[in-house]
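What follows is one structure encoded as structure tokens, with my remarks underneath.
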Amino acid sequence: MSLYSEKVMEHFRNPRNMGEIEDADGVGTVGNPVCGDLMTIYITVKDDRLEDIKFKTFGCAAAIATSSMITEMAKGMQLEEALRISRDDVAQGLEGLPPIKMHCSNLAAEALHKAIEDYRSRQ
Amino acid sequence: MIEVKRIYLDHAATTPADPQVVEAMQPYFSRRYGNPSSLHTLGAEAQEGLQKSREQVAQMLGTEPQCIVFTGSGTESDNLAIKGLAWHKKRGHVITSGIEHPAVLETCRHLEKNGFSVTYLPVDSQGLVNPEHVAQAIREDTILVSVMHANNEIGTIQPVKEIAAISHEHQVPVHTDAVQSVGKVPFTVDDLGVDLLSLSAHKIYGPKGVGALYVREGLKLQPLLHGGGHEKGLRSSTENVPGIVGLGTACELAGQRRDRDISHMRRLRDKLIAGALEIPRAYLNGHLQKRLPNNAHLRFTAIEGESLLLSLDEKGVAASTGSACSSKKLQASHVLLAMGLTEVEAHGSLRLTLGRGTTEEEIDYVLDILPPIVEKLRKMSPLWEA
Ligand code: FES
């Protein structure tokens with residue numbers, strides 16, 4: 001399918017960090033207001049770094065690939081650094097997304113932010 | 001990349017042209033290239049091609065050649081039927097259903113913007129229109145009832161005959177979009193009792209870019225295209241002779257092969273549905289019996305259709321979905337919503353439509369690869385509780 005870049009398809013086929021973390025330090029869930037999809041990101045934090053990060057996504061190939069991409073980018077990052085990851089960074093990491101699918105990359109960035117907020121609120 | 005086999009299960013979208021259709025069209029490109037309106041021999045040859053096609057289409061529909069108008073597509077046929085009648089009547093009320101093809105729905109919305117009123121009938125949970133609702137909706141000023149014969153997504157076959165009978169009691173003409181049912185459901189225009197009927201060549205192994213409208217004799221329409229007065233003034237434009245010849249041949253073949261096609265596709269389709277429903281929390285959309293013999297419309301809880309579609313495509317299987325994520329407007333299918341499905345349920349829908357050439361091996365292959373794909377996507381889904 002030519003809709004997506006090879007990189008998107010590669011992440012879609014072999015998503016990284018897919019799954020749940022049982023005793024996560026922070027969890028962020030966001031719904032996509034555009035199409036009604038859902039994404040959850042789980043994190044564990046050690047010394048202010050993202051020690052582990054996992055995701056679950058109910059959505060299109062772009063949503064799955066952006067989830068995978070953002071977990072790969074954020075893993076090991078300082079929280080402050082991770083909070084600066086924008087949807088454009090994710091899209092760029094994936095060699096671009098079709099314009100109609102940009103809204104899906106919001107999900108990933110937002111879910112990560114929410115997970116970090118959740119972690120902080122628990123401290 | 002490894003070569004994957006191609007299994008085409010999207011025949012409701014389009015079909016491959018039959019070799020016999022292509023062969024029949026061939027001479028009309030550069031040997032019998034005349035304009036059918038010309039008086040010389042080349043023109044006459046092209047005119048003969050048109051005439052033969054008109055007879056083939058008419059025969060398949062059980063009517064007379066003079067009732068057939070060639071158009072550029074199924075969409076154009078729908079437009080000509082609805083707007084043609086509406087512009088002729090100048091004002092009034094139209095009844096249609098909420099699950100029509102956009103060619104009908106958007107045309108009706110356009111009428112609303114132009115002073116007509118339209119009733120969009122609801123459907124039940126299986127996608128069926130209740131003829132009683134037609135009776136209740138008919139008004140003094142109703143000028144047309146338009147209900148599709150078979151739905152393009154869920155394949156549900158509508159009670160067009162009953163709807164036509166009710167409408168005729170009130171002297172209201174009836175149009176049906178039969179683009180999906182031609183060649184897959186046995187009928188004639190008189191069986192259905194309709195006054196206008198749309199069909200398209202590329203859904204029945206003919207070429208793209210050509211369709212036809214059946215118009216009952218005596219029914220007046222205003223043309224959408226004005227010009228040289230082709231098609232008895234209903235569709236000015238030099239005729240697409242190769243395409244029309246292809247349409248005629250496709251109709252003849254559809255008539256000849258219909259019974260065999262139906263039993264072949266139904267057997268494989270039933271096997272496909274039965275196998276797919278063994279997947280936990282998999283459901284069939286639409287009516288079990290009153291449906292096209294080639295349509296399997298499924299739904300899997302907690303997964304999204306575009307992901308499913310792409311996963312299948314990677315394994316060589318071409319399918320379709322009603323998920324919002326895959327639509328240009330990011331909206332779930334209006335048909336699935338009209339049946340009462342939620343947005344989330346509509347997300348997990350998958351349409352597999354078989355064709356004349358679909359084989360048992362292909363169905364077996366799909367049943368092999370589908371369960372692990374569904375399982376993989378469910379593992380990723382926050383909505384799935386195993
Ligand atoms: S998640 Fe619905 S379009 Fe991407």
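Here, A, B, ... name the chains of the structure tokens in the order displayed, residue numbers run from 1 inside each chain, and ligands are numbered from 1 in the same displayed order.
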
Site check for ligand 1: residues at most 12 Å away, only C-alpha atoms and all ligand atoms, as a compact mmCIF listing (two decimals) with C-alpha atoms, in the first residue's frame:
```
# COMPACT_ATOMS: atom_id res chain seq x y z
CA TYR A 4 2.28 4.87 4.17
CA VAL A 30 -6.08 9.22 25.29
CA GLY A 31 -8.92 8.90 22.85
CA ASN A 32 -8.72 10.26 19.35
CA PRO A 33 -11.51 12.82 19.07
CA VAL A 34 -11.36 12.63 15.28
CA CYS A 35 -12.08 8.97 14.73
CA GLY A 36 -12.74 7.56 18.17
CA ASP A 37 -9.59 5.51 18.62
CA LEU A 38 -7.77 4.75 21.84
CA MET A 39 -4.18 4.55 23.03
CA THR A 57 -3.39 0.93 20.69
CA PHE A 58 -6.79 0.48 19.14
CA GLY A 59 -6.47 2.32 15.86
CA CYS A 60 -5.18 2.52 12.34
CA ALA A 61 -1.74 1.57 11.08
CA ALA A 62 -0.53 5.15 11.60
CA ALA A 63 -1.69 5.10 15.22
CA ILE A 64 0.08 1.80 15.83
CA ALA A 65 3.27 2.92 14.12
CA THR A 66 3.37 6.25 15.97
CA SER A 67 2.89 4.46 19.30
CA LEU A 97 2.66 10.57 7.57
CA PRO A 98 -0.13 11.30 5.10
CA PRO A 99 -1.76 14.64 6.06
CA ILE A 100 -5.06 12.94 6.90
CA LYS A 101 -3.20 10.80 9.44
CA MET A 102 -1.35 13.53 11.30
CA HIS A 103 -4.04 13.55 13.97
CA CYS A 104 -3.06 9.99 14.89
CA SER A 105 0.45 11.11 15.84
CA ASN A 106 -1.09 13.51 18.38
CA LEU A 107 -2.35 10.51 20.24
CA ALA A 108 1.08 9.10 20.89
CA ILE B 303 -9.75 -4.08 16.54
CA GLU B 304 -9.69 -1.43 13.88
CA GLY B 305 -10.49 -2.10 10.24
CA GLU B 306 -7.67 -0.27 8.53
CA SER B 307 -5.04 -2.18 10.50
CA GLY B 322 -16.29 0.55 7.10
CA SER B 323 -13.91 1.89 9.74
CA ALA B 324 -13.72 5.65 10.25
CA CYS B 325 -9.91 5.49 10.11
CA SER B 326 -9.96 4.29 6.53
CA SER B 327 -12.49 6.79 5.19
CA LYS B 328 -11.55 10.07 3.58
CA LYS B 329 -13.81 11.93 5.98
CA LEU B 330 -12.70 9.91 9.02
CA GLN B 331 -16.29 8.94 9.59
CA ALA B 332 -17.59 5.46 10.24
CA GLU B 343 -18.59 3.86 16.16
CA VAL B 344 -16.35 1.42 17.97
CA ALA B 346 -18.07 -0.15 13.08
CA HIS B 347 -14.30 0.19 13.47
CA GLY B 348 -13.76 -3.53 13.45
CA SER B 381 -5.64 -3.26 21.70
```

- Message: From a backbone DSSP assignment, name each residue in chain A labelled strand (DSSP E), as a PyMOL selection string.
- Response: chain A and resi 26-31+38-46+49-58

- Can you list every residue in chain A that DSSP puts in helix (DSSP H, G or I), as a PyMOL selection string? chain A and resi 6-13+61-74+79-83+87-93+99-122

- Query: Which is closer to Gln78 in chain A than all the others in A:Ala111, A:Val90, A:Ile41, A:Ile116, using only C-alpha atoms?
  - Reply: A:Ile116

- Task: Would you mind listing what lies within 10 Å of Pro15 in chain A as a PyMOL selection string, with only C-alpha atoms counted and same-chain residues fewer than 4 positions away left out?
- Result: (chain A and resi 8-11+19+55+64-69+71-72) or (chain B and resi 380)

- Task: Give me, please, the distance in Å between CA of Glu76 in chain B and CA of Gly211 in chain B, quoted to one decimal.
- Result: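 Taking CA of Glu76 in chain B as the start and CA of Gly211 in chain B as the end point, the length is 7.7 Å.
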
- Query: Any idea what's packed within 10 Å of Lys54 in chain A, counting only C-alpha atoms, ignoring anything in its chain fewer than 4 positions away? Could you give it as a PyMOL selection string?
  - Reply: chain A and resi 16-21+24+27+40-44+67-68+70-72+75+112

Would you export the selected residues with all heavy atoms as a short mmCIF file (atom, residue, chain, number, x, y, z; two decimals), in the first residue's frame, please?
```
data_model
loop_
_atom_site.label_atom_id
_atom_site.label_comp_id
_atom_site.auth_asym_id
_atom_site.auth_seq_id
_atom_site.Cartn_x
_atom_site.Cartn_y
_atom_site.Cartn_z
N ARG A 16 7.39 -2.04 18.32
CA ARG A 16 8.30 -2.16 19.46
C ARG A 16 7.55 -1.84 20.74
O ARG A 16 6.67 -0.98 20.73
CB ARG A 16 9.47 -1.18 19.35
CG ARG A 16 9.82 -0.71 17.96
CD ARG A 16 10.63 -1.75 17.19
NE ARG A 16 11.33 -1.12 16.07
CZ ARG A 16 10.99 -1.27 14.79
NH1 ARG A 16 9.97 -2.03 14.44
NH2 ARG A 16 11.69 -0.68 13.83
N ASN A 17 7.95 -2.46 21.81
CA ASN A 17 7.42 -2.12 23.15
C ASN A 17 5.90 -2.22 23.25
O ASN A 17 5.27 -1.41 23.90
CB ASN A 17 7.86 -0.70 23.55
CG ASN A 17 9.35 -0.52 23.43
OD1 ASN A 17 10.11 -1.31 23.99
ND2 ASN A 17 9.77 0.49 22.69
N MET A 18 5.36 -3.21 22.57
CA MET A 18 3.92 -3.37 22.63
C MET A 18 3.56 -4.18 23.87
O MET A 18 4.24 -5.15 24.19
CB MET A 18 3.45 -4.07 21.37
CG MET A 18 1.97 -4.01 21.13
SD MET A 18 1.14 -5.39 21.87
CE MET A 18 1.72 -6.71 20.81
N GLY A 19 2.52 -3.76 24.58
CA GLY A 19 2.04 -4.53 25.72
C GLY A 19 1.75 -3.64 26.91
O GLY A 19 1.58 -2.43 26.77
N GLU A 20 1.68 -4.27 28.08
CA GLU A 20 1.30 -3.56 29.29
C GLU A 20 2.43 -3.67 30.30
O GLU A 20 3.21 -4.62 30.25
CB GLU A 20 0.09 -4.28 29.91
CG GLU A 20 -1.18 -3.50 29.86
CD GLU A 20 -2.36 -4.40 30.21
OE1 GLU A 20 -2.59 -4.63 31.40
OE2 GLU A 20 -3.03 -4.88 29.26
N ILE A 21 2.54 -2.71 31.22
CA ILE A 21 3.45 -2.88 32.36
C ILE A 21 2.57 -3.01 33.59
O ILE A 21 1.77 -2.10 33.88
CB ILE A 21 4.41 -1.67 32.52
CG1 ILE A 21 5.23 -1.50 31.24
CG2 ILE A 21 5.31 -1.88 33.73
CD1 ILE A 21 6.17 -0.31 31.26
N ALA A 24 3.08 -0.28 36.61
CA ALA A 24 3.62 0.93 35.99
C ALA A 24 3.64 2.08 36.99
O ALA A 24 2.81 2.16 37.90
CB ALA A 24 2.78 1.30 34.78
N VAL A 27 0.51 5.90 33.93
CA VAL A 27 -0.28 5.38 32.81
C VAL A 27 -1.01 6.56 32.17
O VAL A 27 -1.56 7.40 32.88
CB VAL A 27 -1.32 4.34 33.28
CG1 VAL A 27 -2.14 3.82 32.10
CG2 VAL A 27 -0.65 3.19 34.01
N THR A 40 -3.06 3.71 25.03
CA THR A 40 -2.59 3.75 26.40
C THR A 40 -1.08 3.58 26.42
O THR A 40 -0.55 2.71 25.72
CB THR A 40 -3.23 2.64 27.25
OG1 THR A 40 -4.64 2.74 27.14
CG2 THR A 40 -2.84 2.77 28.71
N ILE A 41 -0.40 4.42 27.20
CA ILE A 41 1.06 4.27 27.37
C ILE A 41 1.36 4.03 28.84
O ILE A 41 0.78 4.69 29.72
CB ILE A 41 1.81 5.49 26.80
CG1 ILE A 41 1.82 5.37 25.27
CG2 ILE A 41 3.25 5.56 27.36
CD1 ILE A 41 2.72 6.32 24.54
N TYR A 42 2.21 3.05 29.11
CA TYR A 42 2.63 2.68 30.47
C TYR A 42 4.11 3.01 30.62
O TYR A 42 4.89 2.71 29.71
CB TYR A 42 2.47 1.17 30.70
CG TYR A 42 1.09 0.64 30.39
CD1 TYR A 42 0.75 0.30 29.07
CD2 TYR A 42 0.15 0.45 31.38
CE1 TYR A 42 -0.51 -0.21 28.78
CE2 TYR A 42 -1.11 -0.06 31.10
CZ TYR A 42 -1.44 -0.39 29.80
OH TYR A 42 -2.68 -0.89 29.49
N ILE A 43 4.48 3.60 31.75
CA ILE A 43 5.92 3.88 31.96
C ILE A 43 6.38 3.44 33.35
O ILE A 43 5.59 3.40 34.30
CB ILE A 43 6.24 5.40 31.79
CG1 ILE A 43 5.36 6.25 32.73
CG2 ILE A 43 6.07 5.84 30.36
CD1 ILE A 43 5.78 7.72 32.78
N THR A 44 7.66 3.11 33.42
CA THR A 44 8.32 3.01 34.73
C THR A 44 9.46 4.02 34.71
O THR A 44 10.09 4.25 33.67
CB THR A 44 8.87 1.61 35.02
OG1 THR A 44 9.75 1.23 33.98
CG2 THR A 44 7.76 0.58 35.13
N SER A 67 2.70 4.95 17.92
CA SER A 67 2.89 4.46 19.30
C SER A 67 4.22 3.76 19.42
O SER A 67 4.99 4.00 20.37
CB SER A 67 1.81 3.45 19.69
OG SER A 67 0.57 3.77 19.17
N SER A 68 4.48 2.89 18.47
CA SER A 68 5.72 2.13 18.49
C SER A 68 6.92 3.08 18.43
O SER A 68 7.88 2.96 19.19
CB SER A 68 5.72 1.16 17.31
OG SER A 68 7.00 0.67 17.07
N ILE A 70 7.17 6.30 19.18
CA ILE A 70 7.39 7.18 20.32
C ILE A 70 7.99 6.42 21.50
O ILE A 70 8.83 6.94 22.23
CB ILE A 70 6.11 7.95 20.74
CG1 ILE A 70 6.51 9.26 21.44
CG2 ILE A 70 5.21 7.13 21.64
CD1 ILE A 70 5.39 10.26 21.55
N THR A 71 7.59 5.17 21.66
CA THR A 71 8.18 4.39 22.77
C THR A 71 9.65 4.17 22.49
O THR A 71 10.48 4.24 23.40
CB THR A 71 7.48 3.03 22.96
OG1 THR A 71 7.56 2.29 21.74
CG2 THR A 71 6.03 3.19 23.38
N GLU A 72 9.98 3.93 21.24
CA GLU A 72 11.38 3.72 20.89
C GLU A 72 12.20 4.99 21.14
O GLU A 72 13.31 4.94 21.67
CB GLU A 72 11.49 3.30 19.43
CG GLU A 72 12.77 2.60 19.10
CD GLU A 72 12.77 2.10 17.66
OE1 GLU A 72 12.64 2.92 16.74
OE2 GLU A 72 12.89 0.89 17.48
N LYS A 75 12.30 5.86 25.21
CA LYS A 75 12.91 4.93 26.17
C LYS A 75 14.31 5.40 26.58
O LYS A 75 15.14 5.69 25.74
CB LYS A 75 12.99 3.54 25.54
CG LYS A 75 13.09 2.44 26.57
CD LYS A 75 12.84 1.09 25.91
CE LYS A 75 12.91 -0.01 26.93
NZ LYS A 75 12.41 -1.26 26.37
N LEU A 112 1.87 9.90 26.01
CA LEU A 112 3.14 9.90 26.75
C LEU A 112 3.13 11.03 27.79
O LEU A 112 3.51 10.81 28.95
CB LEU A 112 4.31 10.06 25.78
CG LEU A 112 5.69 10.20 26.42
CD1 LEU A 112 6.02 8.97 27.26
CD2 LEU A 112 6.78 10.38 25.35
#
```

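Closest approach to chain B among A:Asp52, A:Asp25, A:Glu6, A:Asp118 is made by A:Glu6 (distances from only C-alpha atoms).
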
- Query: Please, what distance in Å, to one decimal, runs between CA of Leu144 in chain B and CA of Val210 in chain B?
  - Reply: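 Going from CA of Leu144 in chain B over to CA of Val210 in chain B covers 24.5 Å.
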
- If we count only C-alpha atoms, what is near Leu221 in chain B at a cut-off of 10 Å, once residues fewer than 5 positions away on the same chain are taken out, given as a ChimeraX atom specification? /B:80-89,215,233-234

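Atom pair CA of Ala296 in chain B / CA of Leu213 in chain B has a distance of 27.8 Å (rounded to one decimal).
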
- Close residues, Gln256 in chain B itself excluded, 10 Å, only C-alpha atoms, min 5 positions apart in chain, as an MDAnalysis selection string: chainID B and resid 60 183 250:251 261

- Item | Surrounding residues of Leu128 in chain B excluding itself and chain neighbours under 6 positions, 12 Å, only C-alpha atoms, as a VMD selection string | chain B and resid 97 to 100 121 to 122 147 to 151 154 to 160 163 285 to 291 335 to 336 338 to 340

- Which residue, A:Arg84, A:Leu50, A:Asn14, A:Lys114, has the smallest gap to chain B when you use only C-alpha atoms?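 Of all the options, A:Asn14 lies closest to chain B.
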
- Item | Top pick for closest residue to chain B, considering A:Arg87, A:Lys56, A:Thr29, A:Lys46 and counting only C-alpha atoms |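 Going through A:Arg87, A:Lys56, A:Thr29, A:Lys46 one by one, the smallest distance to chain B is for A:Lys56.
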